[in-house]
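**Student:** Next comes the structure file entry18.pdb, holding PDB, N, CA, C and O atoms.
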MODEL        1
ATOM      1  N   MET T 268     199.585  70.915  36.373
ATOM      2  CA  MET T 268     199.440  70.491  37.750
ATOM      3  C   MET T 268     199.454  71.731  38.647
ATOM      4  O   MET T 268     200.179  72.669  38.420
ATOM      5  N   THR T 269     198.647  71.677  39.660
ATOM      6  CA  THR T 269     198.562  72.792  40.597
ATOM      7  C   THR T 269     199.827  72.914  41.436
ATOM      8  O   THR T 269     200.535  71.938  41.638
ATOM      9  N   ASP T 270     200.108  74.109  41.922
ATOM     10  CA  ASP T 270     201.298  74.339  42.729
ATOM     11  C   ASP T 270     201.135  73.836  44.158
ATOM     12  O   ASP T 270     202.116  73.642  44.863
ATOM     13  N   GLN T 271     199.907  73.641  44.590
ATOM     14  CA  GLN T 271     199.667  73.220  45.965
ATOM     15  C   GLN T 271     199.004  71.851  45.969
ATOM     16  O   GLN T 271     197.849  71.710  45.575
ATOM     17  N   LEU T 272     199.777  70.866  46.410
ATOM     18  CA  LEU T 272     199.280  69.500  46.481
ATOM     19  C   LEU T 272     199.333  69.004  47.911
ATOM     20  O   LEU T 272     200.279  69.302  48.648
ATOM     21  N   ALA T 273     198.352  68.232  48.296
ATOM     22  CA  ALA T 273     198.413  67.493  49.548
ATOM     23  C   ALA T 273     199.045  66.149  49.202
ATOM     24  O   ALA T 273     198.600  65.465  48.287
ATOM     25  N   SER T 274     200.095  65.783  49.915
ATOM     26  CA  SER T 274     200.814  64.546  49.621
ATOM     27  C   SER T 274     200.629  63.541  50.737
ATOM     28  O   SER T 274     200.727  63.887  51.917
ATOM     29  N   VAL T 275     200.368  62.297  50.342
ATOM     30  CA  VAL T 275     200.208  61.194  51.289
ATOM     31  C   VAL T 275     201.140  60.079  50.843
ATOM     32  O   VAL T 275     201.113  59.679  49.676
ATOM     33  N   ARG T 276     201.958  59.587  51.765
ATOM     34  CA  ARG T 276     202.887  58.508  51.430
ATOM     35  C   ARG T 276     202.303  57.175  51.872
ATOM     36  O   ARG T 276     201.837  57.025  52.989
ATOM     37  N   TYR T 277     202.334  56.223  50.948
ATOM     38  CA  TYR T 277     201.922  54.859  51.233
ATOM     39  C   TYR T 277     203.116  53.936  51.031
ATOM     40  O   TYR T 277     203.803  54.025  50.018
ATOM     41  N   LEU T 278     203.334  53.038  51.981
ATOM     42  CA  LEU T 278     204.319  51.975  51.821
ATOM     43  C   LEU T 278     203.566  50.785  51.240
ATOM     44  O   LEU T 278     202.610  50.303  51.846
ATOM     45  N   VAL T 279     203.968  50.348  50.063
ATOM     46  CA  VAL T 279     203.257  49.280  49.366
ATOM     47  C   VAL T 279     204.209  48.131  49.063
ATOM     48  O   VAL T 279     205.420  48.323  48.958
ATOM     49  N   ASP T 280     203.653  46.945  48.907
ATOM     50  CA  ASP T 280     204.464  45.776  48.570
ATOM     51  C   ASP T 280     204.829  45.744  47.089
ATOM     52  O   ASP T 280     205.870  45.216  46.714
ATOM     53  N   ASP T 281     203.964  46.306  46.241
ATOM     54  CA  ASP T 281     204.162  46.254  44.797
ATOM     55  C   ASP T 281     203.776  47.610  44.211
ATOM     56  O   ASP T 281     202.582  47.935  44.106
ATOM     57  N   VAL T 282     204.771  48.392  43.834
ATOM     58  CA  VAL T 282     204.532  49.750  43.333
ATOM     59  C   VAL T 282     203.707  49.714  42.053
ATOM     60  O   VAL T 282     202.740  50.472  41.913
ATOM     61  N   GLN T 283     204.040  48.848  41.106
ATOM     62  CA  GLN T 283     203.305  48.814  39.838
ATOM     63  C   GLN T 283     201.846  48.431  40.043
ATOM     64  O   GLN T 283     200.955  48.996  39.416
ATOM     65  N   ALA T 284     201.587  47.481  40.914
ATOM     66  CA  ALA T 284     200.200  47.094  41.196
ATOM     67  C   ALA T 284     199.433  48.258  41.827
ATOM     68  O   ALA T 284     198.259  48.478  41.507
ATOM     69  N   ALA T 285     200.086  49.025  42.698
ATOM     70  CA  ALA T 285     199.441  50.184  43.319
ATOM     71  C   ALA T 285     199.155  51.269  42.286
ATOM     72  O   ALA T 285     198.072  51.864  42.278
ATOM     73  N   VAL T 286     200.106  51.516  41.391
ATOM     74  CA  VAL T 286     199.893  52.492  40.310
ATOM     75  C   VAL T 286     198.709  52.057  39.456
ATOM     76  O   VAL T 286     197.811  52.854  39.166
ATOM     77  N   ASP T 287     198.688  50.808  39.059
ATOM     78  CA  ASP T 287     197.589  50.294  38.246
ATOM     79  C   ASP T 287     196.250  50.462  38.958
ATOM     80  O   ASP T 287     195.263  50.891  38.363
ATOM     81  N   PHE T 288     196.208  50.141  40.234
ATOM     82  CA  PHE T 288     194.972  50.238  41.012
ATOM     83  C   PHE T 288     194.445  51.673  41.052
ATOM     84  O   PHE T 288     193.277  51.917  40.752
ATOM     85  N   TYR T 289     195.302  52.624  41.415
ATOM     86  CA  TYR T 289     194.839  54.011  41.549
ATOM     87  C   TYR T 289     194.516  54.669  40.208
ATOM     88  O   TYR T 289     193.609  55.494  40.135
ATOM     89  N   THR T 290     195.225  54.302  39.154
ATOM     90  CA  THR T 290     194.936  54.906  37.856
ATOM     91  C   THR T 290     193.678  54.310  37.220
ATOM     92  O   THR T 290     192.860  55.042  36.667
ATOM     93  N   VAL T 291     193.502  53.008  37.326
ATOM     94  CA  VAL T 291     192.347  52.346  36.710
ATOM     95  C   VAL T 291     191.059  52.608  37.485
ATOM     96  O   VAL T 291     190.027  52.943  36.900
ATOM     97  N   HIS T 292     191.111  52.458  38.801
ATOM     98  CA  HIS T 292     189.885  52.518  39.598
ATOM     99  C   HIS T 292     189.497  53.911  40.086
ATOM    100  O   HIS T 292     188.317  54.160  40.354
ATOM    101  N   PHE T 293     190.463  54.811  40.233
ATOM    102  CA  PHE T 293     190.158  56.111  40.822
ATOM    103  C   PHE T 293     190.547  57.301  39.952
ATOM    104  O   PHE T 293     190.426  58.440  40.382
ATOM    105  N   GLY T 294     191.040  57.069  38.748
ATOM    106  CA  GLY T 294     191.298  58.153  37.817
ATOM    107  C   GLY T 294     192.539  58.990  38.094
ATOM    108  O   GLY T 294     192.655  60.108  37.591
ATOM    109  N   PHE T 295     193.491  58.475  38.872
ATOM    110  CA  PHE T 295     194.754  59.175  39.086
ATOM    111  C   PHE T 295     195.588  59.103  37.806
ATOM    112  O   PHE T 295     195.412  58.190  36.991
ATOM    113  N   THR T 296     196.514  60.043  37.647
ATOM    114  CA  THR T 296     197.466  59.988  36.546
ATOM    115  C   THR T 296     198.870  59.851  37.129
ATOM    116  O   THR T 296     199.146  60.336  38.225
ATOM    117  N   VAL T 297     199.726  59.177  36.384
ATOM    118  CA  VAL T 297     201.101  58.957  36.839
ATOM    119  C   VAL T 297     201.889  60.247  36.657
ATOM    120  O   VAL T 297     201.908  60.836  35.582
ATOM    121  N   HIS T 298     202.551  60.674  37.726
ATOM    122  CA  HIS T 298     203.421  61.849  37.664
ATOM    123  C   HIS T 298     204.874  61.404  37.520
ATOM    124  O   HIS T 298     205.599  61.902  36.678
ATOM    125  N   THR T 299     205.301  60.472  38.362
ATOM    126  CA  THR T 299     206.661  59.934  38.325
ATOM    127  C   THR T 299     206.582  58.422  38.469
ATOM    128  O   THR T 299     205.842  57.924  39.319
ATOM    129  N   ASP T 300     207.338  57.703  37.645
ATOM    130  CA  ASP T 300     207.343  56.244  37.737
ATOM    131  C   ASP T 300     208.783  55.753  37.790
ATOM    132  O   ASP T 300     209.491  55.779  36.786
ATOM    133  N   ALA T 301     209.212  55.364  38.968
ATOM    134  CA  ALA T 301     210.535  54.778  39.164
ATOM    135  C   ALA T 301     210.368  53.388  39.787
ATOM    136  O   ALA T 301     211.119  52.991  40.681
ATOM    137  N   ALA T 302     209.343  52.678  39.311
ATOM    138  CA  ALA T 302     209.077  51.332  39.821
ATOM    139  C   ALA T 302     210.297  50.450  39.563
ATOM    140  O   ALA T 302     210.989  50.636  38.568
ATOM    141  N   PRO T 303     210.623  49.548  40.456
ATOM    142  CA  PRO T 303     209.795  49.080  41.559
ATOM    143  C   PRO T 303     209.991  49.827  42.872
ATOM    144  O   PRO T 303     209.368  49.475  43.865
ATOM    145  N   ALA T 304     210.824  50.846  42.888
ATOM    146  CA  ALA T 304     211.109  51.540  44.150
ATOM    147  C   ALA T 304     210.057  52.584  44.516
ATOM    148  O   ALA T 304     209.641  52.673  45.676
ATOM    149  N   PHE T 305     209.612  53.381  43.543
ATOM    150  CA  PHE T 305     208.790  54.541  43.867
ATOM    151  C   PHE T 305     207.960  54.973  42.665
ATOM    152  O   PHE T 305     208.372  54.804  41.518
ATOM    153  N   ALA T 306     206.811  55.533  42.943
ATOM    154  CA  ALA T 306     206.006  56.217  41.927
ATOM    155  C   ALA T 306     205.120  57.210  42.658
ATOM    156  O   ALA T 306     204.885  57.078  43.869
ATOM    157  N   ASP T 307     204.670  58.228  41.940
ATOM    158  CA  ASP T 307     203.624  59.065  42.513
ATOM    159  C   ASP T 307     202.555  59.300  41.474
ATOM    160  O   ASP T 307     202.819  59.375  40.279
ATOM    161  N   VAL T 308     201.325  59.323  41.967
ATOM    162  CA  VAL T 308     200.155  59.525  41.128
ATOM    163  C   VAL T 308     199.397  60.725  41.663
ATOM    164  O   VAL T 308     199.433  61.016  42.859
ATOM    165  N   VAL T 309     198.712  61.431  40.748
ATOM    166  CA  VAL T 309     198.056  62.684  41.110
ATOM    167  C   VAL T 309     196.624  62.676  40.601
ATOM    168  O   VAL T 309     196.343  62.206  39.488
ATOM    169  N   ARG T 310     195.744  63.205  41.432
ATOM    170  CA  ARG T 310     194.368  63.478  41.019
ATOM    171  C   ARG T 310     193.941  64.762  41.708
ATOM    172  O   ARG T 310     193.854  64.815  42.939
ATOM    173  N   GLY T 311     193.717  65.786  40.919
ATOM    174  CA  GLY T 311     193.378  67.092  41.491
ATOM    175  C   GLY T 311     194.497  67.544  42.414
ATOM    176  O   GLY T 311     195.664  67.464  42.057
ATOM    177  N   PRO T 312     194.153  67.984  43.632
ATOM    178  CA  PRO T 312     195.168  68.478  44.555
ATOM    179  C   PRO T 312     195.795  67.385  45.431
ATOM    180  O   PRO T 312     196.492  67.683  46.386
ATOM    181  N   LEU T 313     195.526  66.102  45.108
ATOM    182  CA  LEU T 313     196.035  64.998  45.928
ATOM    183  C   LEU T 313     197.124  64.243  45.191
ATOM    184  O   LEU T 313     196.940  63.798  44.052
ATOM    185  N   ARG T 314     198.262  64.098  45.847
ATOM    186  CA  ARG T 314     199.378  63.306  45.301
ATOM    187  C   ARG T 314     199.639  62.147  46.241
ATOM    188  O   ARG T 314     199.831  62.337  47.454
ATOM    189  N   LEU T 315     199.635  60.940  45.706
ATOM    190  CA  LEU T 315     199.970  59.746  46.473
ATOM    191  C   LEU T 315     201.387  59.330  46.137
ATOM    192  O   LEU T 315     201.725  59.121  44.965
ATOM    193  N   LEU T 316     202.218  59.245  47.154
ATOM    194  CA  LEU T 316     203.601  58.792  47.009
ATOM    195  C   LEU T 316     203.614  57.308  47.343
ATOM    196  O   LEU T 316     203.327  56.925  48.482
ATOM    197  N   LEU T 317     203.914  56.486  46.389
ATOM    198  CA  LEU T 317     203.865  55.033  46.539
ATOM    199  C   LEU T 317     205.293  54.501  46.648
ATOM    200  O   LEU T 317     206.020  54.462  45.665
ATOM    201  N   SER T 318     205.670  54.111  47.850
ATOM    202  CA  SER T 318     207.038  53.665  48.122
ATOM    203  C   SER T 318     207.058  52.155  48.325
ATOM    204  O   SER T 318     206.373  51.627  49.192
ATOM    205  N   GLY T 319     207.870  51.486  47.506
ATOM    206  CA  GLY T 319     207.987  50.040  47.596
ATOM    207  C   GLY T 319     209.164  49.610  48.457
ATOM    208  O   GLY T 319     209.910  50.436  48.981
ATOM    209  N   PRO T 320     209.325  48.284  48.614
ATOM    210  CA  PRO T 320     210.408  47.750  49.426
ATOM    211  C   PRO T 320     211.803  48.191  48.961
ATOM    212  O   PRO T 320     212.730  48.245  49.755
ATOM    213  N   ALA T 321     211.960  48.499  47.687
ATOM    214  CA  ALA T 321     213.261  48.899  47.147
ATOM    215  C   ALA T 321     213.573  50.376  47.409
ATOM    216  O   ALA T 321     214.667  50.845  47.108
ATOM    217  N   SER T 322     212.621  51.119  47.960
ATOM    218  CA  SER T 322     212.854  52.552  48.237
ATOM    219  C   SER T 322     213.520  52.733  49.591
ATOM    220  O   SER T 322     213.649  51.797  50.366
ATOM    221  N   SER T 323     213.899  53.964  49.874
ATOM    222  CA  SER T 323     214.512  54.258  51.169
ATOM    223  C   SER T 323     213.473  54.455  52.273
ATOM    224  O   SER T 323     213.834  54.515  53.435
ATOM    225  N   ALA T 324     212.201  54.544  51.942
ATOM    226  CA  ALA T 324     211.150  54.825  52.924
ATOM    227  C   ALA T 324     211.029  53.759  54.015
ATOM    228  O   ALA T 324     210.857  54.099  55.180
ATOM    229  N   PRO T 325     211.074  52.440  53.691
ATOM    230  CA  PRO T 325     210.890  51.449  54.742
ATOM    231  C   PRO T 325     212.048  51.375  55.748
ATOM    232  O   PRO T 325     211.901  50.810  56.811
ATOM    233  N   ALA T 326     213.160  51.935  55.401
ATOM    234  CA  ALA T 326     214.348  51.830  56.260
ATOM    235  C   ALA T 326     214.197  52.568  57.565
ATOM    236  O   ALA T 326     213.452  53.431  57.767
TER     237      ALA T 326
ENDMDL
END
The structure in this file should be written as structure tokens.
**Tutor:**
Amino acid sequence: MTDQLASVRYLVDDVQAAVDFYTVHFGFTVHTDAAPAFADVVRGPLRLLLSGPASSAPA
């Protein structure tokens, strides 16, 4: 993985469904999976931070 990533945080209702969507349809790979609270997926220099209702992000 590259040392320089652009990170975008998404608040999602279902972390696993979001991981499945980005990996199947757009070729992302899972970097961290702490579902149902959080996961991040990476493709090239882009990292998507997927935060579910169980994470601290919605607070």
**Student:** Quick check on the file I pasted: which residues fall under the PyMOL selection byres (((chain T and resi 271 and name CA) around 12) and name CA)? Write them as a ChimeraX atom specification.
**Tutor:** /T:268-270,272-274,309,311-314
**Student:** So for segment 277-287 of chain T, what box centre and size do we get, axis-aligned, 5 Å extra on each of the six sides, every listed atom, Å to one decimal, as lines of an AutoDock Vina configuration file?
**Tutor:**
center_x = 200.6
center_y = 50.7
center_z = 45.1
size_x = 20.6
size_y = 21.0
size_z = 23.7
**Student:** What is the distance between atom C of Phe293 of chain T and atom O of Asp280 of chain T, in Å to one decimal?
**Tutor:**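 Answer for the atom C of Phe293 of chain T to atom O of Asp280 of chain T separation: 20.7 Å.
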**Student:** Can you check which residues of segment 273-309 of chain T DSSP gives as helix (DSSP H, G or I) on the backbone and send them as a PyMOL selection string?
**Tutor:** chain T and resi 282-293
**Student:** For the selection you just gave me, I'd like the residues written to a file as a compact mmCIF listing (two decimals), in the frame of the given file, keeping N, CA, C and O atoms.
**Tutor:**
# COMPACT_ATOMS: atom_id res chain seq x y z
N VAL T 282 204.77 48.39 43.83
CA VAL T 282 204.53 49.75 43.33
C VAL T 282 203.71 49.71 42.05
O VAL T 282 202.74 50.47 41.91
N GLN T 283 204.04 48.85 41.11
CA GLN T 283 203.30 48.81 39.84
C GLN T 283 201.85 48.43 40.04
O GLN T 283 200.96 49.00 39.42
N ALA T 284 201.59 47.48 40.91
CA ALA T 284 200.20 47.09 41.20
C ALA T 284 199.43 48.26 41.83
O ALA T 284 198.26 48.48 41.51
N ALA T 285 200.09 49.02 42.70
CA ALA T 285 199.44 50.18 43.32
C ALA T 285 199.16 51.27 42.29
O ALA T 285 198.07 51.86 42.28
N VAL T 286 200.11 51.52 41.39
CA VAL T 286 199.89 52.49 40.31
C VAL T 286 198.71 52.06 39.46
O VAL T 286 197.81 52.85 39.17
N ASP T 287 198.69 50.81 39.06
CA ASP T 287 197.59 50.29 38.25
C ASP T 287 196.25 50.46 38.96
O ASP T 287 195.26 50.89 38.36
N PHE T 288 196.21 50.14 40.23
CA PHE T 288 194.97 50.24 41.01
C PHE T 288 194.44 51.67 41.05
O PHE T 288 193.28 51.92 40.75
N TYR T 289 195.30 52.62 41.42
CA TYR T 289 194.84 54.01 41.55
C TYR T 289 194.52 54.67 40.21
O TYR T 289 193.61 55.49 40.14
N THR T 290 195.22 54.30 39.15
CA THR T 290 194.94 54.91 37.86
C THR T 290 193.68 54.31 37.22
O THR T 290 192.86 55.04 36.67
N VAL T 291 193.50 53.01 37.33
CA VAL T 291 192.35 52.35 36.71
C VAL T 291 191.06 52.61 37.48
O VAL T 291 190.03 52.94 36.90
N HIS T 292 191.11 52.46 38.80
CA HIS T 292 189.88 52.52 39.60
C HIS T 292 189.50 53.91 40.09
O HIS T 292 188.32 54.16 40.35
N PHE T 293 190.46 54.81 40.23
CA PHE T 293 190.16 56.11 40.82
C PHE T 293 190.55 57.30 39.95
O PHE T 293 190.43 58.44 40.38
**Student:** Here is a test: counting only C-alpha atoms, which residue of T:Val308, T:Leu316, T:Val279, T:Ala321 is nearest to Gly294 of chain T?
**Tutor:** T:Val308
**Student:** I'd like the contact shell of Pro320 of chain T - 12 Å cut-off, only C-alpha atoms, skipping same-chain residues fewer than 3 positions apart - returned as number ranges by chain.
**Tutor:** T: 277-283, 302-305, 317, 323-326
**Student:** Between atom N of Arg310 of chain T and atom N of Ala285 of chain T, what distance in Å does the model show, to one decimal?
**Tutor:**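 According to the coordinates, atom N of Arg310 of chain T and atom N of Ala285 of chain T are separated by 14.9 Å.
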**Student:** So which residues touch Val297 of chain T within 8 Å, counting only C-alpha atoms, skipping near sequence neighbours fewer than 3 positions away, as an mmCIF file with N, CA, C and O atoms, in the frame of the given file?
**Tutor:**
data_model
loop_
_atom_site.group_PDB
_atom_site.id
_atom_site.type_symbol
_atom_site.label_atom_id
_atom_site.label_comp_id
_atom_site.auth_asym_id
_atom_site.auth_seq_id
_atom_site.Cartn_x
_atom_site.Cartn_y
_atom_site.Cartn_z
ATOM 1 N N VAL T 286 200.106 51.516 41.391
ATOM 2 C CA VAL T 286 199.893 52.492 40.310
ATOM 3 C C VAL T 286 198.709 52.057 39.456
ATOM 4 O O VAL T 286 197.811 52.854 39.166
ATOM 5 N N THR T 290 195.225 54.302 39.154
ATOM 6 C CA THR T 290 194.936 54.906 37.856
ATOM 7 C C THR T 290 193.678 54.310 37.220
ATOM 8 O O THR T 290 192.860 55.042 36.667
ATOM 9 N N ASP T 300 207.338 57.703 37.645
ATOM 10 C CA ASP T 300 207.343 56.244 37.737
ATOM 11 C C ASP T 300 208.783 55.753 37.790
ATOM 12 O O ASP T 300 209.491 55.779 36.786
ATOM 13 N N ALA T 306 206.811 55.533 42.943
ATOM 14 C CA ALA T 306 206.006 56.217 41.927
ATOM 15 C C ALA T 306 205.120 57.210 42.658
ATOM 16 O O ALA T 306 204.885 57.078 43.869
ATOM 17 N N ASP T 307 204.670 58.228 41.940
ATOM 18 C CA ASP T 307 203.624 59.065 42.513
ATOM 19 C C ASP T 307 202.555 59.300 41.474
ATOM 20 O O ASP T 307 202.819 59.375 40.279
ATOM 21 N N VAL T 308 201.325 59.323 41.967
ATOM 22 C CA VAL T 308 200.155 59.525 41.128
ATOM 23 C C VAL T 308 199.397 60.725 41.663
ATOM 24 O O VAL T 308 199.433 61.016 42.859
ATOM 25 N N VAL T 309 198.712 61.431 40.748
ATOM 26 C CA VAL T 309 198.056 62.684 41.110
ATOM 27 C C VAL T 309 196.624 62.676 40.601
ATOM 28 O O VAL T 309 196.343 62.206 39.488
#
**Student:** List every residue of chain T that DSSP, applied to the backbone of this structure, places in strand (DSSP E or B), and write the result as a list in words.
**Tutor:** Ala273, Ser274, Val275, Arg276, Tyr277, Leu278, Thr296, Val297, His298, Thr299, Asp300, Ala301, Phe305, Ala306, Asp307, Val308, Val309, Arg310, Leu313, Arg314, Leu315, Leu316, Leu317 and Ser318 of chain T
**Student:** Give me, please, the distance in Å between atom N of Ser322 of chain T and atom CA of Val291 of chain T, quoted to one decimal.
**Tutor:**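 About the pair atom N of Ser322 of chain T and atom CA of Val291 of chain T: they are 23.2 Å apart.
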**Student:** Place all heavy atoms on segment 286-296 of chain T and deliver the coordinates as a PDB file, in the coordinates of the input.
**Tutor:**
ATOM      1  N   VAL T 286     200.106  51.516  41.391  1.00  0.00           N
ATOM      2  CA  VAL T 286     199.893  52.492  40.310  1.00  0.00           C
ATOM      3  C   VAL T 286     198.709  52.057  39.456  1.00  0.00           C
ATOM      4  O   VAL T 286     197.811  52.854  39.166  1.00  0.00           O
ATOM      5  CB  VAL T 286     201.160  52.652  39.447  1.00  0.00           C
ATOM      6  CG1 VAL T 286     200.852  53.417  38.166  1.00  0.00           C
ATOM      7  CG2 VAL T 286     202.258  53.345  40.222  1.00  0.00           C
ATOM      8  N   ASP T 287     198.688  50.808  39.059  1.00  0.00           N
ATOM      9  CA  ASP T 287     197.589  50.294  38.246  1.00  0.00           C
ATOM     10  C   ASP T 287     196.250  50.462  38.958  1.00  0.00           C
ATOM     11  O   ASP T 287     195.263  50.891  38.363  1.00  0.00           O
ATOM     12  CB  ASP T 287     197.816  48.824  37.892  1.00  0.00           C
ATOM     13  CG  ASP T 287     199.007  48.607  36.972  1.00  0.00           C
ATOM     14  OD1 ASP T 287     199.484  49.594  36.358  1.00  0.00           O
ATOM     15  OD2 ASP T 287     199.470  47.452  36.892  1.00  0.00           O
ATOM     16  N   PHE T 288     196.208  50.141  40.234  1.00  0.00           N
ATOM     17  CA  PHE T 288     194.972  50.238  41.012  1.00  0.00           C
ATOM     18  C   PHE T 288     194.445  51.673  41.052  1.00  0.00           C
ATOM     19  O   PHE T 288     193.277  51.917  40.752  1.00  0.00           O
ATOM     20  CB  PHE T 288     195.217  49.729  42.436  1.00  0.00           C
ATOM     21  CG  PHE T 288     194.004  49.807  43.315  1.00  0.00           C
ATOM     22  CD1 PHE T 288     193.004  48.848  43.229  1.00  0.00           C
ATOM     23  CD2 PHE T 288     193.856  50.837  44.226  1.00  0.00           C
ATOM     24  CE1 PHE T 288     191.875  48.925  44.040  1.00  0.00           C
ATOM     25  CE2 PHE T 288     192.736  50.923  45.038  1.00  0.00           C
ATOM     26  CZ  PHE T 288     191.743  49.960  44.943  1.00  0.00           C
ATOM     27  N   TYR T 289     195.302  52.624  41.415  1.00  0.00           N
ATOM     28  CA  TYR T 289     194.839  54.011  41.549  1.00  0.00           C
ATOM     29  C   TYR T 289     194.516  54.669  40.208  1.00  0.00           C
ATOM     30  O   TYR T 289     193.609  55.494  40.135  1.00  0.00           O
ATOM     31  CB  TYR T 289     195.854  54.842  42.334  1.00  0.00           C
ATOM     32  CG  TYR T 289     195.802  54.543  43.805  1.00  0.00           C
ATOM     33  CD1 TYR T 289     196.776  53.772  44.419  1.00  0.00           C
ATOM     34  CD2 TYR T 289     194.759  55.015  44.585  1.00  0.00           C
ATOM     35  CE1 TYR T 289     196.712  53.474  45.764  1.00  0.00           C
ATOM     36  CE2 TYR T 289     194.681  54.720  45.942  1.00  0.00           C
ATOM     37  CZ  TYR T 289     195.665  53.943  46.524  1.00  0.00           C
ATOM     38  OH  TYR T 289     195.583  53.647  47.858  1.00  0.00           O
ATOM     39  N   THR T 290     195.225  54.302  39.154  1.00  0.00           N
ATOM     40  CA  THR T 290     194.936  54.906  37.856  1.00  0.00           C
ATOM     41  C   THR T 290     193.678  54.310  37.220  1.00  0.00           C
ATOM     42  O   THR T 290     192.860  55.042  36.667  1.00  0.00           O
ATOM     43  CB  THR T 290     196.131  54.789  36.889  1.00  0.00           C
ATOM     44  OG1 THR T 290     196.500  53.417  36.736  1.00  0.00           O
ATOM     45  CG2 THR T 290     197.317  55.599  37.387  1.00  0.00           C
ATOM     46  N   VAL T 291     193.502  53.008  37.326  1.00  0.00           N
ATOM     47  CA  VAL T 291     192.347  52.346  36.710  1.00  0.00           C
ATOM     48  C   VAL T 291     191.059  52.608  37.485  1.00  0.00           C
ATOM     49  O   VAL T 291     190.027  52.943  36.900  1.00  0.00           O
ATOM     50  CB  VAL T 291     192.597  50.826  36.574  1.00  0.00           C
ATOM     51  CG1 VAL T 291     191.333  50.091  36.166  1.00  0.00           C
ATOM     52  CG2 VAL T 291     193.713  50.555  35.584  1.00  0.00           C
ATOM     53  N   HIS T 292     191.111  52.458  38.801  1.00  0.00           N
ATOM     54  CA  HIS T 292     189.885  52.518  39.598  1.00  0.00           C
ATOM     55  C   HIS T 292     189.497  53.911  40.086  1.00  0.00           C
ATOM     56  O   HIS T 292     188.317  54.160  40.354  1.00  0.00           O
ATOM     57  CB  HIS T 292     189.985  51.577  40.801  1.00  0.00           C
ATOM     58  CG  HIS T 292     190.090  50.138  40.407  1.00  0.00           C
ATOM     59  ND1 HIS T 292     189.037  49.422  39.883  1.00  0.00           N
ATOM     60  CD2 HIS T 292     191.135  49.284  40.423  1.00  0.00           C
ATOM     61  CE1 HIS T 292     189.413  48.206  39.611  1.00  0.00           C
ATOM     62  NE2 HIS T 292     190.697  48.085  39.929  1.00  0.00           N
ATOM     63  N   PHE T 293     190.463  54.811  40.233  1.00  0.00           N
ATOM     64  CA  PHE T 293     190.158  56.111  40.822  1.00  0.00           C
ATOM     65  C   PHE T 293     190.547  57.301  39.952  1.00  0.00           C
ATOM     66  O   PHE T 293     190.426  58.440  40.382  1.00  0.00           O
ATOM     67  CB  PHE T 293     190.828  56.236  42.198  1.00  0.00           C
ATOM     68  CG  PHE T 293     190.275  55.263  43.206  1.00  0.00           C
ATOM     69  CD1 PHE T 293     191.029  54.187  43.628  1.00  0.00           C
ATOM     70  CD2 PHE T 293     189.000  55.424  43.714  1.00  0.00           C
ATOM     71  CE1 PHE T 293     190.528  53.282  44.554  1.00  0.00           C
ATOM     72  CE2 PHE T 293     188.483  54.523  44.635  1.00  0.00           C
ATOM     73  CZ  PHE T 293     189.246  53.449  45.056  1.00  0.00           C
ATOM     74  N   GLY T 294     191.040  57.069  38.748  1.00  0.00           N
ATOM     75  CA  GLY T 294     191.298  58.153  37.817  1.00  0.00           C
ATOM     76  C   GLY T 294     192.539  58.990  38.094  1.00  0.00           C
ATOM     77  O   GLY T 294     192.655  60.108  37.591  1.00  0.00           O
ATOM     78  N   PHE T 295     193.491  58.475  38.872  1.00  0.00           N
ATOM     79  CA  PHE T 295     194.754  59.175  39.086  1.00  0.00           C
ATOM     80  C   PHE T 295     195.588  59.103  37.806  1.00  0.00           C
ATOM     81  O   PHE T 295     195.412  58.190  36.991  1.00  0.00           O
ATOM     82  CB  PHE T 295     195.546  58.536  40.229  1.00  0.00           C
ATOM     83  CG  PHE T 295     195.061  58.920  41.601  1.00  0.00           C
ATOM     84  CD1 PHE T 295     193.933  58.337  42.153  1.00  0.00           C
ATOM     85  CD2 PHE T 295     195.739  59.864  42.355  1.00  0.00           C
ATOM     86  CE1 PHE T 295     193.489  58.684  43.412  1.00  0.00           C
ATOM     87  CE2 PHE T 295     195.311  60.224  43.623  1.00  0.00           C
ATOM     88  CZ  PHE T 295     194.183  59.635  44.145  1.00  0.00           C
ATOM     89  N   THR T 296     196.514  60.043  37.647  1.00  0.00           N
ATOM     90  CA  THR T 296     197.466  59.988  36.546  1.00  0.00           C
ATOM     91  C   THR T 296     198.870  59.851  37.129  1.00  0.00           C
ATOM     92  O   THR T 296     199.146  60.336  38.225  1.00  0.00           O
ATOM     93  CB  THR T 296     197.405  61.245  35.659  1.00  0.00           C
ATOM     94  OG1 THR T 296     197.638  62.394  36.463  1.00  0.00           O
ATOM     95  CG2 THR T 296     196.061  61.369  34.976  1.00  0.00           C
TER      96      THR T 296
END
